[in-house]
Each structure stands twice: as structure tokens, then as C-alpha cells.
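For reference, the structure is listed below as C-alpha cells.
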Amino acid sequence: MPPGAPETEEASVGKPQVRIFILGARAESSLPPHVWEQLCMLFPSTNFHLFFIGPQVSLPKPSKSAAPLQGNSAEDSSGEVSKKEISEEGNPTYLPNVYQPPTPNPIERHKRTRSSLERYGVPSYTVPYSHQLTITGMQTNYSHVHAQFQHTLDPYSDFFFFFSPGFGFPSPDSLAESGEPLLQIASPTEWGPVLPQLLASKCAIFVTGFSPADVERDVRSLSTAPEVAGEFEWVVTPGPNHFGSEKWEVADFDPRVMVKTNWGIWAIRGKSRDVQERKNIFSLL
């Protein structure tokens, strides 16, 4: 399309699909498709495919003739998975919960919703909502499905998005050799395996934070994570997000902390390497 030409639906013919991978998705996956359709209104000549990927992605309500797509983990009335173990007498002993954001309720099944279990090998669905917008949800960690995308990722048409991922928070599951909790950006059970894979793709990685302190904590964690420190360059320097929420709220994980959803934003990508021309040694002989 020549420079200055208006964006129209006809201009989308022959253009590659723009894929947006929203990792660690929770509430984002429960929004109705028409909310995301606003992207198509902003960019009428672009075809979008949204991927919601994370263990707490909300899946559609099962149809009457299909088995549920949701996981089998038992949840209590608050939506948090209860941790328990069996005592020697055989009675369940309940242990305190480590806070985990609850999985959103199942979303309404669209008339075009179809299961993608056979394609991706994890609980998943796809909705071809319109000719410009397709939505796929996968209830799994991204590291489990990266191999299905790594050879097709294109820095010009694909990018990743993290909404308040907590890179700089201590991991509830992983410990360093010193016995201290690893940061989630370095934890093998959280983002440790994921960030190096994304940086290797050279695709842009956008990250939001819920406060100035949260943004600073996540950015500082980049300098300590293996295979991340020194392996990225800035796309968007950290700063306020003009499209973030204007409402301060009490954090679910700590009533002493105030949050403003997506207050700040920043972006990085894998570090580019300049091509260096080397003379052929045989030409010098």
C-alpha cells in the first residue's frame, strides 16, 4: 500500500496476519470478543489473531454434547485452589494458601467456537469472530506450546504482551541455592524459561505494571535474570501508560498496597547483532 493511502478493509488483502500473544492471561481472556474487535476499528486494514495463553485462561462453557475443557483442579467458593494433604490418620489437613489470582469463570460459548485441543495438545479453543479477528485461548504455560510457534514468529507481525506479570516478585515455588526465593523472572516454574525464548524471536515484548514501584521492580529484575541480562534492547522506555486505568484500588494480594491497573508500560526485544563482514582467508593467499 503506497504511503499516505487510507486504511480500508480492502487494503488487508494479501497482508500477513498480526498475532498478539497475551501471556499469563487471566481477566483479559474473559472479556467478550466484541471488546477486542475495537482493534479492528482502529486498524481496519489489519487482520488480528489474539492468543490468550496461561494456566488461568478462561475457557468457554462446555456444550451439551462436549466434555468440559476446564482443568480438573478443585476450587473452593473463592476461586482459590485449596492446598491439603492427608495426615497419618487419613484425615485431610488443610494448609494455608499462597495467594493466587482466581481463574475467571467460564466464558459464554460463541456460535463459532470450536475446540483446538487436537491442534495444540492443551485445553484450548478458537473463535473466528470475524474476517478480521480470530481469538484463541490456551489453558497452559507458554513454555509448553512455544515449540509450535518458534519457527513462524515474525518480528514484523508478531508481538508479546504481559499484563502485570510480576517479574520482580519472589517465586512461591522456586528457591535459589542460598535458600532464598528466586524472582519469578528467573524461576523455572514461572517466567525463567519463557523470556529467553521470546528474546530469541526478536519480537517486541510489551509489559505493564500496576504502579511506579511495580514497574521499577520488574525492570530491575531484568538485570539479574539468566539469559536475559544484557540480551535485550529497549523498544519503549518505562513510563506512564496513557491508556491505563485512572482508578487506584487495594491490591488483592496485600491490603497495604494500592494499584492502578496497567499504570505503566515498557517494551523490549532481543538484542540485535550487527553483521560483520569477514574477508575470505583464501583470497589473501
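Ordering of the C-alpha cells sets the chain letters (A, B, ...), residue numbers begin anew at 1 in every chain, and ligands are numbered from 1 in the order given.
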
### Polymer residues at most 6 Å from Phe160 of chain A, only C-alpha atoms, same-chain spacing of 3 or more positions, as a ChimeraX atom specification
/A:20-22,205

### Query
as a list of chain:residue names, which residues of segment 125-170 of chain A does DSSP assign to strand (DSSP E)?
A:Tyr125, A:Thr126, A:Val127, A:Leu133, A:Thr134, A:Ile135, A:Thr136, A:Gly137, A:Met138, A:Asp158, A:Phe159, A:Phe160, A:Phe161, A:Phe162, A:Phe163, A:Pro170

Hey, can you spit out that residue selection with all heavy atoms as a compact mmCIF listing (two decimals), in the first residue's frame?
```txt
# COMPACT_ATOMS: atom_id res chain seq x y z
N TYR A 125 -9.36 -23.39 22.77
CA TYR A 125 -10.48 -23.14 21.86
C TYR A 125 -10.07 -22.05 20.88
O TYR A 125 -9.11 -21.30 21.09
CB TYR A 125 -11.72 -22.68 22.63
CG TYR A 125 -11.60 -21.27 23.17
CD1 TYR A 125 -12.11 -20.18 22.46
CD2 TYR A 125 -10.95 -21.01 24.37
CE1 TYR A 125 -11.97 -18.88 22.94
CE2 TYR A 125 -10.81 -19.72 24.86
CZ TYR A 125 -11.32 -18.65 24.14
OH TYR A 125 -11.18 -17.38 24.61
N THR A 126 -10.81 -21.96 19.77
CA THR A 126 -10.59 -20.91 18.78
C THR A 126 -11.95 -20.37 18.34
O THR A 126 -12.88 -21.15 18.13
CB THR A 126 -9.81 -21.43 17.56
OG1 THR A 126 -8.51 -21.84 17.99
CG2 THR A 126 -9.66 -20.35 16.49
N VAL A 127 -12.03 -19.05 18.20
CA VAL A 127 -13.25 -18.40 17.72
C VAL A 127 -12.87 -17.51 16.54
O VAL A 127 -12.22 -16.47 16.72
CB VAL A 127 -13.91 -17.53 18.80
CG1 VAL A 127 -15.17 -16.86 18.24
CG2 VAL A 127 -14.27 -18.35 20.02
N LEU A 133 -10.81 -10.72 12.85
CA LEU A 133 -10.43 -11.07 14.22
C LEU A 133 -10.67 -12.54 14.52
O LEU A 133 -11.78 -13.06 14.37
CB LEU A 133 -11.22 -10.22 15.22
CG LEU A 133 -10.97 -10.51 16.71
CD1 LEU A 133 -9.53 -10.18 17.08
CD2 LEU A 133 -11.94 -9.72 17.58
N THR A 134 -9.59 -13.21 14.96
CA THR A 134 -9.66 -14.59 15.44
C THR A 134 -9.09 -14.60 16.85
O THR A 134 -8.08 -13.95 17.13
CB THR A 134 -8.86 -15.54 14.54
OG1 THR A 134 -9.38 -15.47 13.21
CG2 THR A 134 -8.96 -16.97 15.04
N ILE A 135 -9.74 -15.35 17.74
CA ILE A 135 -9.30 -15.43 19.14
C ILE A 135 -9.07 -16.89 19.51
O ILE A 135 -9.91 -17.75 19.24
CB ILE A 135 -10.35 -14.82 20.08
CG1 ILE A 135 -10.52 -13.32 19.77
CG2 ILE A 135 -9.94 -15.01 21.54
CD1 ILE A 135 -11.62 -12.67 20.60
N THR A 136 -7.90 -17.15 20.12
CA THR A 136 -7.57 -18.48 20.60
C THR A 136 -7.18 -18.39 22.07
O THR A 136 -6.42 -17.49 22.45
CB THR A 136 -6.42 -19.10 19.80
OG1 THR A 136 -6.84 -19.32 18.45
CG2 THR A 136 -5.97 -20.43 20.39
N GLY A 137 -7.69 -19.29 22.88
CA GLY A 137 -7.32 -19.36 24.29
C GLY A 137 -6.72 -20.71 24.61
O GLY A 137 -7.23 -21.75 24.16
N MET A 138 -5.63 -20.71 25.38
CA MET A 138 -4.97 -21.96 25.78
C MET A 138 -4.73 -21.94 27.28
O MET A 138 -4.08 -21.03 27.79
CB MET A 138 -3.63 -22.13 25.07
CG MET A 138 -3.68 -22.08 23.57
SD MET A 138 -2.03 -22.37 22.88
CE MET A 138 -2.29 -21.81 21.21
N ASP A 158 4.38 -10.17 14.66
CA ASP A 158 4.03 -10.83 15.91
C ASP A 158 4.62 -10.06 17.09
O ASP A 158 5.73 -9.53 16.98
CB ASP A 158 4.58 -12.27 15.96
CG ASP A 158 4.04 -13.13 14.82
OD1 ASP A 158 2.90 -12.92 14.41
OD2 ASP A 158 4.79 -14.01 14.35
N PHE A 159 3.90 -10.01 18.20
CA PHE A 159 4.48 -9.46 19.42
C PHE A 159 3.80 -10.06 20.63
O PHE A 159 2.73 -10.66 20.54
CB PHE A 159 4.45 -7.93 19.44
CG PHE A 159 3.08 -7.31 19.40
CD1 PHE A 159 2.40 -7.00 20.56
CD2 PHE A 159 2.48 -7.01 18.19
CE1 PHE A 159 1.15 -6.41 20.53
CE2 PHE A 159 1.23 -6.42 18.14
CZ PHE A 159 0.56 -6.11 19.30
N PHE A 160 4.46 -9.87 21.79
CA PHE A 160 4.00 -10.47 23.05
C PHE A 160 3.59 -9.38 24.02
O PHE A 160 4.13 -8.28 24.01
CB PHE A 160 5.10 -11.33 23.66
CG PHE A 160 5.51 -12.50 22.81
CD1 PHE A 160 6.50 -12.38 21.85
CD2 PHE A 160 4.88 -13.73 22.97
CE1 PHE A 160 6.87 -13.45 21.06
CE2 PHE A 160 5.23 -14.81 22.17
CZ PHE A 160 6.23 -14.67 21.22
N PHE A 161 2.62 -9.72 24.88
CA PHE A 161 2.12 -8.76 25.85
C PHE A 161 1.97 -9.43 27.20
O PHE A 161 1.40 -10.50 27.31
CB PHE A 161 0.77 -8.20 25.40
CG PHE A 161 0.64 -6.71 25.59
CD1 PHE A 161 0.69 -5.85 24.50
CD2 PHE A 161 0.49 -6.17 26.85
CE1 PHE A 161 0.59 -4.49 24.67
CE2 PHE A 161 0.38 -4.80 27.03
CZ PHE A 161 0.43 -3.95 25.93
N PHE A 162 2.50 -8.77 28.24
CA PHE A 162 2.35 -9.22 29.62
C PHE A 162 1.63 -8.12 30.39
O PHE A 162 2.09 -6.98 30.42
CB PHE A 162 3.71 -9.44 30.28
CG PHE A 162 4.52 -10.58 29.73
CD1 PHE A 162 5.30 -10.41 28.60
CD2 PHE A 162 4.52 -11.82 30.36
CE1 PHE A 162 6.07 -11.44 28.10
CE2 PHE A 162 5.29 -12.86 29.88
CZ PHE A 162 6.07 -12.68 28.74
N PHE A 163 0.50 -8.46 31.01
CA PHE A 163 -0.20 -7.50 31.86
C PHE A 163 0.20 -7.78 33.32
O PHE A 163 -0.21 -8.78 33.90
CB PHE A 163 -1.71 -7.62 31.69
CG PHE A 163 -2.21 -7.12 30.35
CD1 PHE A 163 -2.54 -8.00 29.34
CD2 PHE A 163 -2.33 -5.75 30.12
CE1 PHE A 163 -3.01 -7.54 28.11
CE2 PHE A 163 -2.79 -5.28 28.89
CZ PHE A 163 -3.13 -6.18 27.89
N PRO A 170 9.05 -12.41 44.34
CA PRO A 170 9.65 -13.72 44.66
C PRO A 170 8.72 -14.85 44.26
O PRO A 170 7.50 -14.74 44.35
CB PRO A 170 9.85 -13.66 46.17
CG PRO A 170 8.88 -12.62 46.66
CD PRO A 170 8.77 -11.61 45.55
```

### Task
Write out as a PyMOL selection string the residues lying within 12 Å of Thr237 of chain A, counting only C-alpha atoms and excluding same-chain residues fewer than 2 positions away.
chain A and resi 205-208+215-216+219+233-235+239-241+264-269

### Query
atom CA of Ser211 of chain A and atom CA of Ser245 of chain A, how far apart in Å?
10.8 Å

### Task
Extract, using only C-alpha atoms, all DNA, RNA and protein residues at most 7 Å from segment 41-56 of chain A, discarding same-chain residues fewer than 4 positions from it, and format them as a ChimeraX atom specification.
/A:7-12,17-26,29,37,103,132-142

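The space between atom CA of Arg109 of chain A and atom CA of Val35 of chain A spans 15.4 Å.
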
### Query
What are the DSSP alpha helix (DSSP H) residues of segment 20-225 of chain A, as a ChimeraX atom specification?
/A:33-36,38-42,117-120,194-201,212-222

What does the file look like for those residues with N, CA and C atoms, as an mmCIF file, in the first residue's frame?
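part20.cif was written with the following content:
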```cif
data_model
loop_
_atom_site.group_PDB
_atom_site.id
_atom_site.type_symbol
_atom_site.label_atom_id
_atom_site.label_comp_id
_atom_site.auth_asym_id
_atom_site.auth_seq_id
_atom_site.Cartn_x
_atom_site.Cartn_y
_atom_site.Cartn_z
ATOM 1 N N PRO A 33 -15.703 -11.042 22.966
ATOM 2 C CA PRO A 33 -14.935 -10.741 21.744
ATOM 3 C C PRO A 33 -15.177 -9.348 21.182
ATOM 4 N N HIS A 34 -16.379 -8.816 21.366
ATOM 5 C CA HIS A 34 -16.638 -7.503 20.752
ATOM 6 C C HIS A 34 -15.780 -6.410 21.368
ATOM 7 N N VAL A 35 -15.252 -6.638 22.593
ATOM 8 C CA VAL A 35 -14.331 -5.670 23.187
ATOM 9 C C VAL A 35 -13.031 -5.631 22.392
ATOM 10 N N TRP A 36 -12.516 -6.798 22.053
ATOM 11 C CA TRP A 36 -11.278 -6.867 21.283
ATOM 12 C C TRP A 36 -11.488 -6.451 19.834
ATOM 13 N N GLN A 38 -12.544 -3.828 18.862
ATOM 14 C CA GLN A 38 -12.180 -2.423 18.716
ATOM 15 C C GLN A 38 -10.813 -2.264 18.058
ATOM 16 N N LEU A 39 -9.938 -3.273 18.196
ATOM 17 C CA LEU A 39 -8.657 -3.234 17.499
ATOM 18 C C LEU A 39 -8.867 -3.148 15.993
ATOM 19 N N CYS A 40 -9.859 -3.870 15.508
ATOM 20 C CA CYS A 40 -10.140 -3.861 14.071
ATOM 21 C C CYS A 40 -10.667 -2.505 13.621
ATOM 22 N N MET A 41 -11.369 -1.819 14.502
ATOM 23 C CA MET A 41 -11.877 -0.492 14.159
ATOM 24 C C MET A 41 -10.747 0.533 14.120
ATOM 25 N N LEU A 42 -9.738 0.330 14.984
ATOM 26 C CA LEU A 42 -8.593 1.227 14.968
ATOM 27 C C LEU A 42 -7.684 0.967 13.769
ATOM 28 N N LEU A 117 -8.092 -28.513 20.957
ATOM 29 C CA LEU A 117 -7.315 -29.477 21.729
ATOM 30 C C LEU A 117 -6.416 -30.325 20.835
ATOM 31 N N GLU A 118 -6.948 -30.800 19.714
ATOM 32 C CA GLU A 118 -6.158 -31.658 18.841
ATOM 33 C C GLU A 118 -5.015 -30.888 18.188
ATOM 34 N N ARG A 119 -5.212 -29.605 17.932
ATOM 35 C CA ARG A 119 -4.174 -28.820 17.259
ATOM 36 C C ARG A 119 -3.032 -28.458 18.185
ATOM 37 N N TYR A 120 -3.351 -28.024 19.412
ATOM 38 C CA TYR A 120 -2.316 -27.522 20.312
ATOM 39 C C TYR A 120 -1.949 -28.508 21.420
ATOM 40 N N VAL A 194 10.716 -18.741 29.768
ATOM 41 C CA VAL A 194 9.941 -18.049 28.737
ATOM 42 C C VAL A 194 10.670 -16.856 28.143
ATOM 43 N N LEU A 195 11.214 -15.976 28.993
ATOM 44 C CA LEU A 195 11.835 -14.744 28.485
ATOM 45 C C LEU A 195 12.960 -15.004 27.491
ATOM 46 N N PRO A 196 13.898 -15.947 27.739
ATOM 47 C CA PRO A 196 14.932 -16.212 26.725
ATOM 48 C C PRO A 196 14.347 -16.667 25.389
ATOM 49 N N GLN A 197 13.272 -17.446 25.428
ATOM 50 C CA GLN A 197 12.642 -17.891 24.185
ATOM 51 C C GLN A 197 12.067 -16.708 23.407
ATOM 52 N N LEU A 198 11.454 -15.772 24.114
ATOM 53 C CA LEU A 198 10.864 -14.619 23.451
ATOM 54 C C LEU A 198 11.940 -13.693 22.902
ATOM 55 N N LEU A 199 13.022 -13.503 23.654
ATOM 56 C CA LEU A 199 14.099 -12.641 23.177
ATOM 57 C C LEU A 199 14.746 -13.223 21.923
ATOM 58 N N ALA A 200 14.856 -14.550 21.854
ATOM 59 C CA ALA A 200 15.457 -15.189 20.682
ATOM 60 C C ALA A 200 14.625 -14.952 19.428
ATOM 61 N N SER A 201 13.330 -14.711 19.582
ATOM 62 C CA SER A 201 12.456 -14.486 18.423
ATOM 63 C C SER A 201 12.629 -13.098 17.831
ATOM 64 N N PRO A 212 4.227 2.821 39.932
ATOM 65 C CA PRO A 212 5.642 3.123 39.656
ATOM 66 C C PRO A 212 6.589 2.124 40.304
ATOM 67 N N ALA A 213 6.285 1.702 41.533
ATOM 68 C CA ALA A 213 7.155 0.737 42.218
ATOM 69 C C ALA A 213 7.146 -0.611 41.515
ATOM 70 N N ASP A 214 5.991 -1.016 40.998
ATOM 71 C CA ASP A 214 5.889 -2.304 40.312
ATOM 72 C C ASP A 214 6.685 -2.289 39.017
ATOM 73 N N VAL A 215 6.599 -1.191 38.270
ATOM 74 C CA VAL A 215 7.372 -1.075 37.034
ATOM 75 C C VAL A 215 8.865 -1.119 37.345
ATOM 76 N N GLU A 216 9.292 -0.360 38.357
ATOM 77 C CA GLU A 216 10.710 -0.343 38.710
ATOM 78 C C GLU A 216 11.183 -1.721 39.155
ATOM 79 N N ARG A 217 10.368 -2.432 39.929
ATOM 80 C CA ARG A 217 10.737 -3.764 40.414
ATOM 81 C C ARG A 217 10.941 -4.722 39.243
ATOM 82 N N ASP A 218 10.031 -4.698 38.268
ATOM 83 C CA ASP A 218 10.148 -5.600 37.123
ATOM 84 C C ASP A 218 11.342 -5.243 36.253
ATOM 85 N N VAL A 219 11.573 -3.946 36.028
ATOM 86 C CA VAL A 219 12.698 -3.533 35.187
ATOM 87 C C VAL A 219 14.021 -3.905 35.842
ATOM 88 N N ARG A 220 14.117 -3.701 37.160
ATOM 89 C CA ARG A 220 15.348 -4.076 37.863
ATOM 90 C C ARG A 220 15.621 -5.574 37.769
ATOM 91 N N SER A 221 14.571 -6.374 37.739
ATOM 92 C CA SER A 221 14.767 -7.826 37.698
ATOM 93 C C SER A 221 15.409 -8.280 36.390
ATOM 94 N N LEU A 222 15.313 -7.471 35.330
ATOM 95 C CA LEU A 222 15.905 -7.839 34.040
ATOM 96 C C LEU A 222 17.415 -7.996 34.149
#
```

### Task
In Å, rounded to a single decimal, give me how far atom CA of His110 of chain A is from atom CA of Ser143 of chain A.
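Taking atom CA of Ser143 of chain A and atom CA of His110 of chain A, their separation equals 27.8 Å.
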
### Task
Using only C-alpha atoms, find the one residue out of A:Gly230, A:Pro60, A:Gly168, A:Gly121 that sits nearest to Pro104 of chain A.
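For Pro104 of chain A, the nearest of the candidates is A:Pro60.
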